[in-house]
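**Q** Okay, here's the structure, questions in a sec.
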Number of protein chains: 4
Amino acid sequence: MSSRFGHLFTLTTFGESHGAGVGVVVDGLPPGIRVDVADVQRELDRRRPGQSAITTQRQEADRVEIVSGVMDGVSLGTPILMLVRNADPRSKDYDTLKDVYRPGHADYAYAQKYGVRDHRGGGRSSGRETVGRVAAGALAKAALATVGVSVVGGTVRVGTIEAAKRDWSETERNLVRCPDADAAAAMIARIEQARDAKDSVGGVVELVARGVPAGWGDPTMSKLDAMLGAAMLSIPATKGVEIGGGFGMCALAGSQTNDVFDGERYATNYAGGISGGISNGNEVVVRVAVRPATSIGQPQTMAAAEGGTRTVAIEGRHDPCICPRVVPVAEAMMAVTLMDAWLRQRALRGREQ
Amino acid sequence: MSSRFGHLFTLTTFGESHGAGVGVVVDGLPPGIRVDVADVQRELDRRRPGQSAITTQRQEADRVEIVSGVMDGVSLGTPILMLVRNADPRSKDYDTLKDVYRPGHADYAYAQKYGVRDHRGGGRSSGRETVGRVAAGALAKAALATVGVSVVGGTVRVGTIEAAKRDWSETERNLVRCPDADAAAAMIARIEQARDAKDSVGGVVELVARGVPAGWGDPTMSKLDAMLGAAMLSIPATKGVEIGGGFGMCALAGSQTNDVFDGERYATNYAGGISGGISNGNEVVVRVAVRPATSIGQPQTMAAAEGGTRTVAIEGRHDPCICPRVVPVAEAMMAVTLMDAWLRQRALRGREQ
Amino acid sequence: MSSRFGHLFTLTTFGESHGAGVGVVVDGLPPGIRVDVADVQRELDRRRPGQSAITTQRQEADRVEIVSGVMDGVSLGTPILMLVRNADPRSKDYDTLKDVYRPGHADYAYAQKYGVRDHRGGGRSSGRETVGRVAAGALAKAALATVGVSVVGGTVRVGTIEAAKRDWSETERNLVRCPDADAAAAMIARIEQARDAKDSVGGVVELVARGVPAGWGDPTMSKLDAMLGAAMLSIPATKGVEIGGGFGMCALAGSQTNDVFDGERYATNYAGGISGGISNGNEVVVRVAVRPATSIGQPQTMAAAEGGTRTVAIEGRHDPCICPRVVPVAEAMMAVTLMDAWLRQRALRGREQ
Amino acid sequence: MSSRFGHLFTLTTFGESHGAGVGVVVDGLPPGIRVDVADVQRELDRRRPGQSAITTQRQEADRVEIVSGVMDGVSLGTPILMLVRNADPRSKDYDTLKDVYRPGHADYAYAQKYGVRDHRGGGRSSGRETVGRVAAGALAKAALATVGVSVVGGTVRVGTIEAAKRDWSETERNLVRCPDADAAAAMIARIEQARDAKDSVGGVVELVARGVPAGWGDPTMSKLDAMLGAAMLSIPATKGVEIGGGFGMCALAGSQTNDVFDGERYATNYAGGISGGISNGNEVVVRVAVRPATSIGQPQTMAAAEGGTRTVAIEGRHDPCICPRVVPVAEAMMAVTLMDAWLRQRALRGREQ
């Protein structure tokens with residue numbers, strides 16, 4: 001079950017970083033949804049390495065093929081396989097890493113878990129696994145759009161630099177995908193500084209879903225908060241998630257954070273659009289903590305598989321800040337989570353929403 | 001699926017706040033585990049209302065009955081039903097709330113989702129649902145103990161007051177369950193201040209699991225981070241979760257946050273004991289943001305079911321800070337999550353751990 | 001997962017034959033369904049031991065309590081716990097069986113699987129576990145009735161005696177629940193003969209669902225045939241299942257067994273109402289092979305737990321033919337299966353059916 | 001969930017008959033299992049069309065590619081994508097079938113379920129979907145072999161001709177895969193007769209698993225019988241399944257059908273190796289009813305999508321008897337089911353078996 005997400009709208013990703021390819025099987029997309037491979041490709045292009053000066057320079061065209069489940073541009077209601085071939089493996093770069101466990105990476109944990117591992121570029125633990133998520137998210141976005149639900153996201157913090165605005169039309173206009181053009185410039189400078197130091201820097205990605213009607217999400221164990229939390233924390237390099245007011249609410253009083261709904265609108269949104277695990281009609285707001293990329297070019301002390309330590313500088317091409325590339329992945333996972341909640345509500349009530 | 005958690009070790013809770021009872025069915029506890037009803041009761045007593053001056057004064061003995069799955073104090077490997085009868089309903093307290101939606105509560109969202117709802121004390125959305133979680137957690141703790149894994153937790157922040165120490169032997173000695181006796185006194189004063197103002201205050205609960213071997217948790221979709229995230233965010237009133245360094249890592253560099261494992265130990269624990277979704281042998285550390293309790297005694301403006309608004313002061317007995325009672329629930333959910341990951345690793349490798 | 005059935009409409013049964021009680025948690029019943037405890041009780045009375053001269057004389061009132069999920073006779077959409085206390089244990093009857101494995105029973109397999117077992121009356125492997133199924137089935141029947149779907153069942157064969165008619169209004173008028181009054185008399189005589197010989201006899205139960213619209217059931221892995229097959233073969237003592245023409249079709253030609261649908265009706269129903277795993281609008285027809293009851297009063301050779309064999313005559317009260325009591329259980333499992341398929345179709349298409 | 005099978009060892013098939021390809025994602029194969037693509041190919045060759053004079057003459061090389069999850073011939077424990085490109089579509093053959101519903105086929109049910117459908121060769125409802133099952137089964141067989149478990153199968157009945165022997169070494173030596181060489185000749189003649197009449201004939205496939213230790217399979221809802229039942233009835237064209245004595249036991253007495261286990265061996269195997277849903281150490285025996293193929297060359301009356309009927313002779317290449325090609329599919333599904341049960345038992349007991 002490790003590679004599957006969702007109950008009714010499910011995705012199962014597959015693929016190693018330097019194997020033959022990566023991708024996803026999506027099972028549960030309702031029939032009759034328009035599926036345009038160009039839409040999927042556009043989302044993949046947002047995730048793709050080598051897209052700008054502040055992302056890894058690994059070159060992957062990441063051309064997607066839709067193998068099944070779609071006929072004449074329309075979903076059949078059957079499983080949809082989307083496959084991306086790996087084009088630029090350069091496995092040799094990783095030969096020196098075969099017998100050491102990189103700090104911050106999953107190498108040691110994988111070895112302990114499985115006994116065997118594909119050491120080339122992280123194998124299955126590579127961020128490359130998220131190709132399948134983004135492809136699945138493109139389908140979820142297309143389906144959600146049919147009922148007026150959309151998901152946007154952006155980088156709202158890099159290091160100590162925070163976005164002061166939320167102009168979501170701005171995010172695709174700057175390299176860091178920040179909804180605040182001024183902050184974006186400072187963020188990019190901060191990322192370049194990390195890159196030049198062969199180091200990395202962390203940040204925060206924020207997601208907003210609009211148009212979600214009240215009633216999605218299940219109470220208790222499958223709260224919409226919980227499902228979004230799992231979705232976000234399943235993305236590589238994420239180590240925190242908060243909904244609405246999140247950790248910031250801890251210092252406040254209930255009389256401040258109880259969003260007042262007057263029957264028509266909410267004055268505030270501390271709940272992040274989710275009450276008791278169920279969407280309440282307000283915008284759904286999620287923030288994700290992205291740790292500094294664990295792949296850095298500096299020499300580091302590493303545990304050797306055979307015992308003892310070695311100091312190695314990792315060759316290869318790295319992202320000094322993952323946030324810009326996490327944005328499309330996190331959007332995809334939010335869309336997928338909402339899609340699943342939507343279908344469950346349809347099952348519960350027997351109507352469109 | 002809304003009320004079930006887990007894949008191999010599953011719990012399904014049931015019950016409304018003012019119905020006949022609440023509880024849980026646990027399916028998947030291996031056979032041969034010693035199950036002492038007194039252990040379950042002791043955990044429930046930590047969660048129970050009315051346990052101290054800073055919790056709600058609702059009186060519930062919360063006596064648990066183990067109906068099935070245990071014979072002669074040993075688990076049979078079959079489903080375990082644990083039932084707690086509701087003893088102190090006082091449903092009348094809630095009559096004035098039948099036709100209004102309380103701010104911050106799930107009332108409106110439930111009404112939109114289900115069309116019908118049990119308005120008495122929040123019905124299913126009540127924190128009372130967590131009785132079943134705590135009972136299930138007691139079984140998970142007992143099973144984990146057989147392989148040397150334990151879970152501890154405490155309140156590490158109330159309002160702006162933070163614990164400076166992590167003395168886990170201290171937590172059951174103060175009312176707020178803080179691992180820092182000095183901070184505890186300040187926290188309690190802060191909670192009393194909120195109570196006297198008919199208001200509430202938020203905080204942070206921290207959990208630590210010790211003895212978890214490397215290899216638990218699945219990569220990609222069922223990362224241990226993701227499962228813990230879902231577990232924590234499924235607890236009422238939680239709005240954020242972070243693993244290890246969490247949001248605090250955003251401002252740091254990769255060269256600082258890459259935990260160096262020298263083959264024997266880690267010098268730091270920014271990963272919170274989880275690398276690539278898999279336990280790495282270090283302590284697993286989770287923090288949970290607990291919002292200020294939404295139930296407060298002040299008059300509040302509420303949307304009326306028939307339209308318009310009303311201003312109502314909610315009768316009833318409230319927790320001015322939920323943190324002390326979230327601690328046993330969060331511990332339970334962490335234990336349950338680890339239990340599930342453990343069994344999955346046994347399936348994968350065919351050995352005890 | 002062992003005790004759960006269903007994806008969206010799920011039941012989890014619990015309880016040992018001679019423990020404190022048995023029952024079920026039903027999760028996924030949509031809100032707003034009328035739930036009458038008398039309806040549940042009536043179905044349980046059809047399953048209950050001691051109901052007639054040809055069933056076991058064990059006396060159990062089997063009074064059901066609905067603990068949660070229902071308010072004012074209407075489902076809330078939350079989990080429904082239904083509990084039946086065990087009233088007539090007579091555990092002593094089973095003391096001689098503690099250290100032997102009864103032929104045909106699950107004793108040996110349980111011991112090998114779990115290492116521990118409740119030997120009293122079969123413990124978890126007892127037919128008593130089906131109490132929870134029947135209770136859940138009553139809810140499924142109530143929900144299905146709101147869209148005009150009903151399930152009937154009866155004993156159509158005992159030993160070599162077969163029913164020649166399918167008068168479903170007849171089944172509750174004879175002790176063996178046969179839809180053919182003439183055959184019923186012969187069947188009862190056959191069962192009495194087995195009882196007097198301290199032996200047992202097998203038979204076939206047939207189920208028919210009416211009003212199922214075309215489109216329920218998923219293709220490939222969750223075909224409606226497959227789900228019904230699992231449902232039926234999960235009932236104790238069943239060892240075969242067939243849909244529509246079943247095994248009888250093997251000797252025929254495709255030109256005979258291709259049901260011709262003229263756009264309005266089918267002339268035949270070899271498909272048993274299911275084409276490609278999906279309901280086709282015709283009656284859904286299932287037959288279940290029920291083996292002779294394994295509990296018989298004759299002395300039998302049994303493997304002893306400590307090695308070697310013993311010859312033991314099993315005390316206790318047995319059913320000489322289980323078919324009459326399998327009927328309500330099989331109906332329940334069919335209703336539950338259809339319920340699940342219905343909800344999945346609602347999720348897929350976003351409409352009532 | 002429609003295209004997924006299994007809990008811990010899961011397969012998700014994808015692909016339409018005349019789309020770009022078909023295949024499977026297998027998630028849950030433990031790490032360290034030797035995976036030889038030639039083994040997978042050999043199983044696919046047993047299923048492939050055009051393999052003999054008595055199967056459909058559609059030509060498909062069915063070359064499999066393992067895209068992920070395997071490195072250096074060893075499983076990594078990560079998802080394994082196996083892809084087979086469709087080579088011989090000839091979609092034009094199906095143009096006349098676009099607007100009619102073929103008798104016996106899923107056409108009408110699909111149209112009602114999804115609203116859209118791929119009419120070319122049955123699209124998703126084609127037997128071609130089973131390619132993925134067979135590929136997954138090859139991996140399950142390889143894994144099971146490491147603990148001495150094997151699965152064999154064959155055609156034991158065609159029309160009214162029954163195999164009198166069970167010589168499993170014989171099955172791959174005759175075209176019909178019958179474990180009785182004499183019966184095989186008669187079966188082949190019977191199939192040729194059907195072919196020449198542009199008709200089809202049904203039969204029975206039998207499966208035997210050897211080496212299964214006692215303890216696999218869960219009681220109650222996930223009985224091994226139930227899981228095998230679902231597995232078999234999920235195969236296209238199957239309409240019945242029986243375990244061990246099956247329907248034949250109905251006419252017998254309990255004193256005959258209670259298999260006596262003397263602590264070392266069973267004298268009989270009416271239980272088919274499964275007691276109370278759990279393997280009992282005996283051979284696991286399953287029989288599957290295979291209906292006459294619904295695709296026949298004779299002119300048939302069909303419902304037209306726009307109303308009314310048409311009489312059409314279906315062009316294309318058909319199997320006059322599906323049994324020989326069902327054999328590898330049924331073996332695969334049995335292997336997959338046992339694999340899943342094995343892993344669950346490992347989770348339960350924390351040891352190799």
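By order of appearance in the structure tokens: chains A, B, ..., then residues from 1 within every chain, and ligands from 1 in the order shown.
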Enumerate, in order of chain and increasing residue number, the residues of chain D with an atom no farther than 10 Å from chain B, each with its shortest atom pair and distance in Å to one decimal, counting only C-alpha atoms, as a tab-separated table.

**A**
```
residue	atom	partner	partner_atom	distance
D:His7	CA	B:His7	CA	8.6
D:Leu8	CA	B:Ala347	CA	7.9
D:Phe9	CA	B:Leu348	CA	9.7
D:Gly28	CA	B:Leu348	CA	7.6
D:Leu29	CA	B:Leu348	CA	7.9
D:Pro30	CA	B:Leu348	CA	5.3
D:Pro31	CA	B:Leu348	CA	7.7
D:Gly32	CA	B:Arg349	CA	9.7
D:Gly77	CA	B:Leu348	CA	8.1
D:Thr78	CA	B:Pro219	CA	8.8
D:Asp218	CA	B:Thr78	CA	9.7
D:Pro219	CA	B:Thr78	CA	8.8
D:Thr220	CA	B:Thr78	CA	9.8
D:Asp340	CA	B:Ala347	CA	9.6
D:Trp342	CA	B:Ala347	CA	8.3
D:Leu343	CA	B:Ala347	CA	4.9
D:Arg344	CA	B:Ala347	CA	6.2
D:Gln345	CA	B:Ala347	CA	7.5
D:Arg346	CA	B:Ala347	CA	4.8
D:Ala347	CA	B:Ala347	CA	4.2
D:Leu348	CA	B:Pro30	CA	5.4
D:Arg349	CA	B:Pro30	CA	6.8
D:Gly350	CA	B:Glu352	CA	4.3
D:Arg351	CA	B:Arg351	CA	4.2
D:Glu352	CA	B:Gly350	CA	4.3
D:Gln353	CA	B:Gly350	CA	7.0
```

**Q** Considering only helix (DSSP H, G or I) as DSSP defines it on the backbone, what residues of region 158-303 of chain D qualify? List them as a PDB file with C-alpha atoms, in the first residue's frame.

**A**
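The result, stored in states_25.pdb:
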```
ATOM      1  CA  TRP D 168      -0.463 -32.059 -13.559  1.00  0.00           C
ATOM      2  CA  SER D 169       2.718 -32.754 -15.496  1.00  0.00           C
ATOM      3  CA  GLU D 170       0.468 -33.414 -18.466  1.00  0.00           C
ATOM      4  CA  THR D 171      -1.256 -30.063 -18.737  1.00  0.00           C
ATOM      5  CA  GLU D 172       1.307 -28.223 -20.849  1.00  0.00           C
ATOM      6  CA  ARG D 173       1.531 -31.138 -23.248  1.00  0.00           C
ATOM      7  CA  ALA D 181      -4.270 -36.952 -21.835  1.00  0.00           C
ATOM      8  CA  ASP D 182      -7.182 -39.126 -22.896  1.00  0.00           C
ATOM      9  CA  ALA D 183      -9.813 -36.655 -21.920  1.00  0.00           C
ATOM     10  CA  ALA D 184      -7.768 -33.905 -23.574  1.00  0.00           C
ATOM     11  CA  ALA D 185      -8.220 -35.438 -27.016  1.00  0.00           C
ATOM     12  CA  ALA D 186     -11.965 -35.583 -26.588  1.00  0.00           C
ATOM     13  CA  MET D 187     -12.067 -32.038 -25.245  1.00  0.00           C
ATOM     14  CA  ILE D 188     -10.143 -30.723 -28.219  1.00  0.00           C
ATOM     15  CA  ALA D 189     -12.527 -32.441 -30.602  1.00  0.00           C
ATOM     16  CA  ARG D 190     -15.441 -30.878 -28.730  1.00  0.00           C
ATOM     17  CA  ILE D 191     -13.869 -27.428 -29.012  1.00  0.00           C
ATOM     18  CA  GLU D 192     -13.202 -27.837 -32.721  1.00  0.00           C
ATOM     19  CA  GLN D 193     -16.814 -28.817 -33.174  1.00  0.00           C
ATOM     20  CA  ALA D 194     -17.900 -25.597 -31.463  1.00  0.00           C
ATOM     21  CA  ARG D 195     -15.460 -23.563 -33.544  1.00  0.00           C
ATOM     22  CA  ASP D 196     -16.726 -25.036 -36.779  1.00  0.00           C
ATOM     23  CA  THR D 220     -14.722 -14.142   9.032  1.00  0.00           C
ATOM     24  CA  MET D 221     -14.686 -11.577   6.209  1.00  0.00           C
ATOM     25  CA  SER D 222     -11.363 -12.352   4.564  1.00  0.00           C
ATOM     26  CA  LEU D 224      -9.160 -17.708   2.243  1.00  0.00           C
ATOM     27  CA  ASP D 225     -12.204 -19.275   0.538  1.00  0.00           C
ATOM     28  CA  ALA D 226     -13.733 -15.809   0.151  1.00  0.00           C
ATOM     29  CA  MET D 227     -10.567 -14.261  -1.213  1.00  0.00           C
ATOM     30  CA  LEU D 228     -10.108 -17.107  -3.674  1.00  0.00           C
ATOM     31  CA  GLY D 229     -13.758 -16.808  -4.593  1.00  0.00           C
ATOM     32  CA  ALA D 230     -13.371 -13.120  -5.345  1.00  0.00           C
ATOM     33  CA  ALA D 231     -10.160 -13.782  -7.236  1.00  0.00           C
ATOM     34  CA  MET D 232     -11.746 -16.401  -9.462  1.00  0.00           C
ATOM     35  CA  LEU D 233     -15.033 -14.593 -10.059  1.00  0.00           C
ATOM     36  CA  GLY D 246     -18.009 -27.704  -3.180  1.00  0.00           C
ATOM     37  CA  PHE D 247     -21.531 -28.210  -4.475  1.00  0.00           C
ATOM     38  CA  GLY D 248     -20.962 -31.945  -4.454  1.00  0.00           C
ATOM     39  CA  MET D 249     -21.048 -31.973  -0.643  1.00  0.00           C
ATOM     40  CA  CYS D 250     -24.666 -30.883  -0.513  1.00  0.00           C
ATOM     41  CA  ALA D 251     -25.865 -34.417  -1.007  1.00  0.00           C
ATOM     42  CA  GLY D 254     -21.332 -34.465   7.894  1.00  0.00           C
ATOM     43  CA  SER D 255     -20.004 -37.813   9.037  1.00  0.00           C
ATOM     44  CA  GLN D 256     -18.697 -38.253   5.486  1.00  0.00           C
ATOM     45  CA  THR D 257     -17.380 -34.763   4.792  1.00  0.00           C
TER      46      THR D 257
END
```

**Q** Residues within 9 Å of Val312 (chain D), please, as a ChimeraX atom specification. Count only C-alpha atoms; anything in the same chain fewer than 4 positions from it doesn't count.

**A** /D:96-97,100,102,298-302

**Q** Could you please take those selected residues and save N, CA and C atoms as a PDB file, in the first residue's frame?

**A**
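The file below, part-v2.pdb, is the result:
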```pdb
ATOM      1  N   THR D  96     -18.685  -1.770 -36.673  1.00  0.00           N
ATOM      2  CA  THR D  96     -20.113  -2.099 -36.741  1.00  0.00           C
ATOM      3  C   THR D  96     -20.712  -2.307 -35.360  1.00  0.00           C
ATOM      4  N   LEU D  97     -19.852  -2.390 -34.337  1.00  0.00           N
ATOM      5  CA  LEU D  97     -20.348  -2.686 -32.990  1.00  0.00           C
ATOM      6  C   LEU D  97     -20.461  -1.438 -32.122  1.00  0.00           C
ATOM      7  N   VAL D 100     -24.225  -0.954 -31.033  1.00  0.00           N
ATOM      8  CA  VAL D 100     -25.065  -2.066 -30.568  1.00  0.00           C
ATOM      9  C   VAL D 100     -24.443  -2.676 -29.321  1.00  0.00           C
ATOM     10  N   ARG D 102     -23.632  -6.153 -27.629  1.00  0.00           N
ATOM     11  CA  ARG D 102     -23.534  -7.577 -27.921  1.00  0.00           C
ATOM     12  C   ARG D 102     -24.140  -8.432 -26.809  1.00  0.00           C
ATOM     13  N   GLN D 298     -21.811 -16.504 -34.997  1.00  0.00           N
ATOM     14  CA  GLN D 298     -23.160 -16.565 -35.561  1.00  0.00           C
ATOM     15  C   GLN D 298     -23.844 -15.199 -35.517  1.00  0.00           C
ATOM     16  N   PRO D 299     -24.740 -14.976 -36.450  1.00  0.00           N
ATOM     17  CA  PRO D 299     -25.549 -13.753 -36.371  1.00  0.00           C
ATOM     18  C   PRO D 299     -26.409 -13.794 -35.099  1.00  0.00           C
ATOM     19  N   GLN D 300     -26.447 -12.643 -34.392  1.00  0.00           N
ATOM     20  CA  GLN D 300     -27.234 -12.576 -33.157  1.00  0.00           C
ATOM     21  C   GLN D 300     -28.061 -11.290 -33.132  1.00  0.00           C
ATOM     22  N   THR D 301     -29.161 -11.351 -32.448  1.00  0.00           N
ATOM     23  CA  THR D 301     -29.991 -10.167 -32.262  1.00  0.00           C
ATOM     24  C   THR D 301     -29.388  -9.316 -31.149  1.00  0.00           C
ATOM     25  N   MET D 302     -29.216  -8.036 -31.444  1.00  0.00           N
ATOM     26  CA  MET D 302     -28.596  -7.154 -30.462  1.00  0.00           C
ATOM     27  C   MET D 302     -29.441  -5.912 -30.267  1.00  0.00           C
TER      28      MET D 302
END
```

**Q** As a VMD selection string, please: the residues near Val35 (chain D) (cut-off 8 Å, only C-alpha atoms, same-chain neighbours under 4 positions excluded).

**A** chain D and resid 39 70 73 to 75 139 142

**Q** List as a list in words the protein and nucleic acid residues near Gly308 (chain D), meaning an atom at most 12 Å away when only C-alpha atoms are counted, but skip any in the same chain fewer than 2 places from it.

**A**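 In the requested form, the answer reads Phe261, Asp262, Gly263, Glu264 and Arg265 of chain C; Asp99, Val100, Tyr101, Thr301, Met302, Ala303, Ala304, Ala305, Glu306, Arg310 and Thr311 of chain D.
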
**Q** Report, in Å to a single decimal, how far apart CA of Leu11 (chain B) and CA of Val26 (chain C) are.

**A** 13.0 Å

**Q** Could you pull out the residues in region 6-234 of chain C that DSSP calls strand (DSSP E) from the backbone, as number ranges by chain?

**A** C: 10-15, 21-27, 64-66, 70-71, 74-75, 80-85, 100-101, 150-158, 161-162, 203-210

**Q** Suppose you want the space between CA of Pro213 (chain C) and CA of Ser125 (chain D); what is it in Å?

**A**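 Here the two named atoms are 19.2 Å from each other.
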
**Q** Can you work out the spacing between CA of Lys113 (chain A) and CA of Ala214 (chain B) in Å, to one decimal?

**A**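 Rounded to one decimal, the two atoms are 6.9 Å apart.
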
**Q** Which residues are near Thr294 (chain A)? Cut-off 12 Å, only C-alpha atoms, ignore same chain within fewer than 4 positions. Put them as a ChimeraX atom specification.

**A** /A:102-107,122,126-127,198-202,236-238,290,298,300,314,318-322 /B:249,252-260,270-271,275-276

**Q** Next, dump the selected residues to file, keeping only C-alpha atoms, as a JSON list (two decimals), in the first residue's frame.

**A**
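Final file, result_31.json:
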```
[["chain", "number", "residue", "atom", "x", "y", "z"],
["A", 102, "ARG", "CA", 24.22, 10.36, 2.57],
["A", 103, "PRO", "CA", 23.29, 12.60, 5.53],
["A", 104, "GLY", "CA", 19.70, 13.80, 5.49],
["A", 105, "HIS", "CA", 18.83, 11.29, 2.78],
["A", 106, "ALA", "CA", 16.85, 8.09, 3.09],
["A", 107, "ASP", "CA", 19.81, 5.87, 2.13],
["A", 122, "GLY", "CA", 18.14, 8.02, -4.53],
["A", 126, "SER", "CA", 14.23, 10.51, -5.30],
["A", 127, "GLY", "CA", 12.03, 13.54, -5.78],
["A", 198, "LYS", "CA", 27.12, 24.72, -2.37],
["A", 199, "ASP", "CA", 24.46, 24.75, 0.30],
["A", 200, "SER", "CA", 20.65, 24.85, 0.40],
["A", 201, "VAL", "CA", 17.89, 26.77, 2.12],
["A", 202, "GLY", "CA", 14.37, 25.92, 3.29],
["A", 236, "PRO", "CA", 9.73, 14.54, -0.08],
["A", 237, "ALA", "CA", 11.49, 17.16, 2.08],
["A", 238, "THR", "CA", 8.37, 18.35, 3.88],
["A", 290, "VAL", "CA", 9.99, 22.53, 3.22],
["A", 298, "GLN", "CA", 29.83, 20.45, 0.19],
["A", 300, "GLN", "CA", 30.06, 15.78, 4.22],
["A", 314, "ILE", "CA", 28.37, 14.54, -3.73],
["A", 318, "HIS", "CA", 21.13, 19.84, -7.00],
["A", 319, "ASP", "CA", 18.27, 22.18, -6.16],
["A", 320, "PRO", "CA", 19.49, 24.84, -3.73],
["A", 321, "CYS", "CA", 15.87, 25.41, -2.69],
["A", 322, "ILE", "CA", 13.15, 22.93, -3.48],
["B", 249, "MET", "CA", 14.17, 24.39, 9.60],
["B", 252, "LEU", "CA", 18.34, 27.14, 8.17],
["B", 253, "ALA", "CA", 20.80, 25.71, 5.64],
["B", 254, "GLY", "CA", 21.12, 22.13, 4.51],
["B", 255, "SER", "CA", 24.62, 21.99, 5.90],
["B", 256, "GLN", "CA", 23.06, 22.60, 9.32],
["B", 257, "THR", "CA", 20.00, 20.36, 9.12],
["B", 258, "ASN", "CA", 21.50, 17.25, 7.52],
["B", 259, "ASP", "CA", 21.72, 14.98, 10.57],
["B", 260, "VAL", "CA", 25.09, 13.29, 10.48],
["B", 270, "TYR", "CA", 16.30, 17.61, 12.54],
["B", 271, "ALA", "CA", 14.67, 14.72, 10.69],
["B", 275, "SER", "CA", 14.29, 9.84, 6.70],
["B", 276, "GLY", "CA", 12.48, 9.45, 3.42]]
```
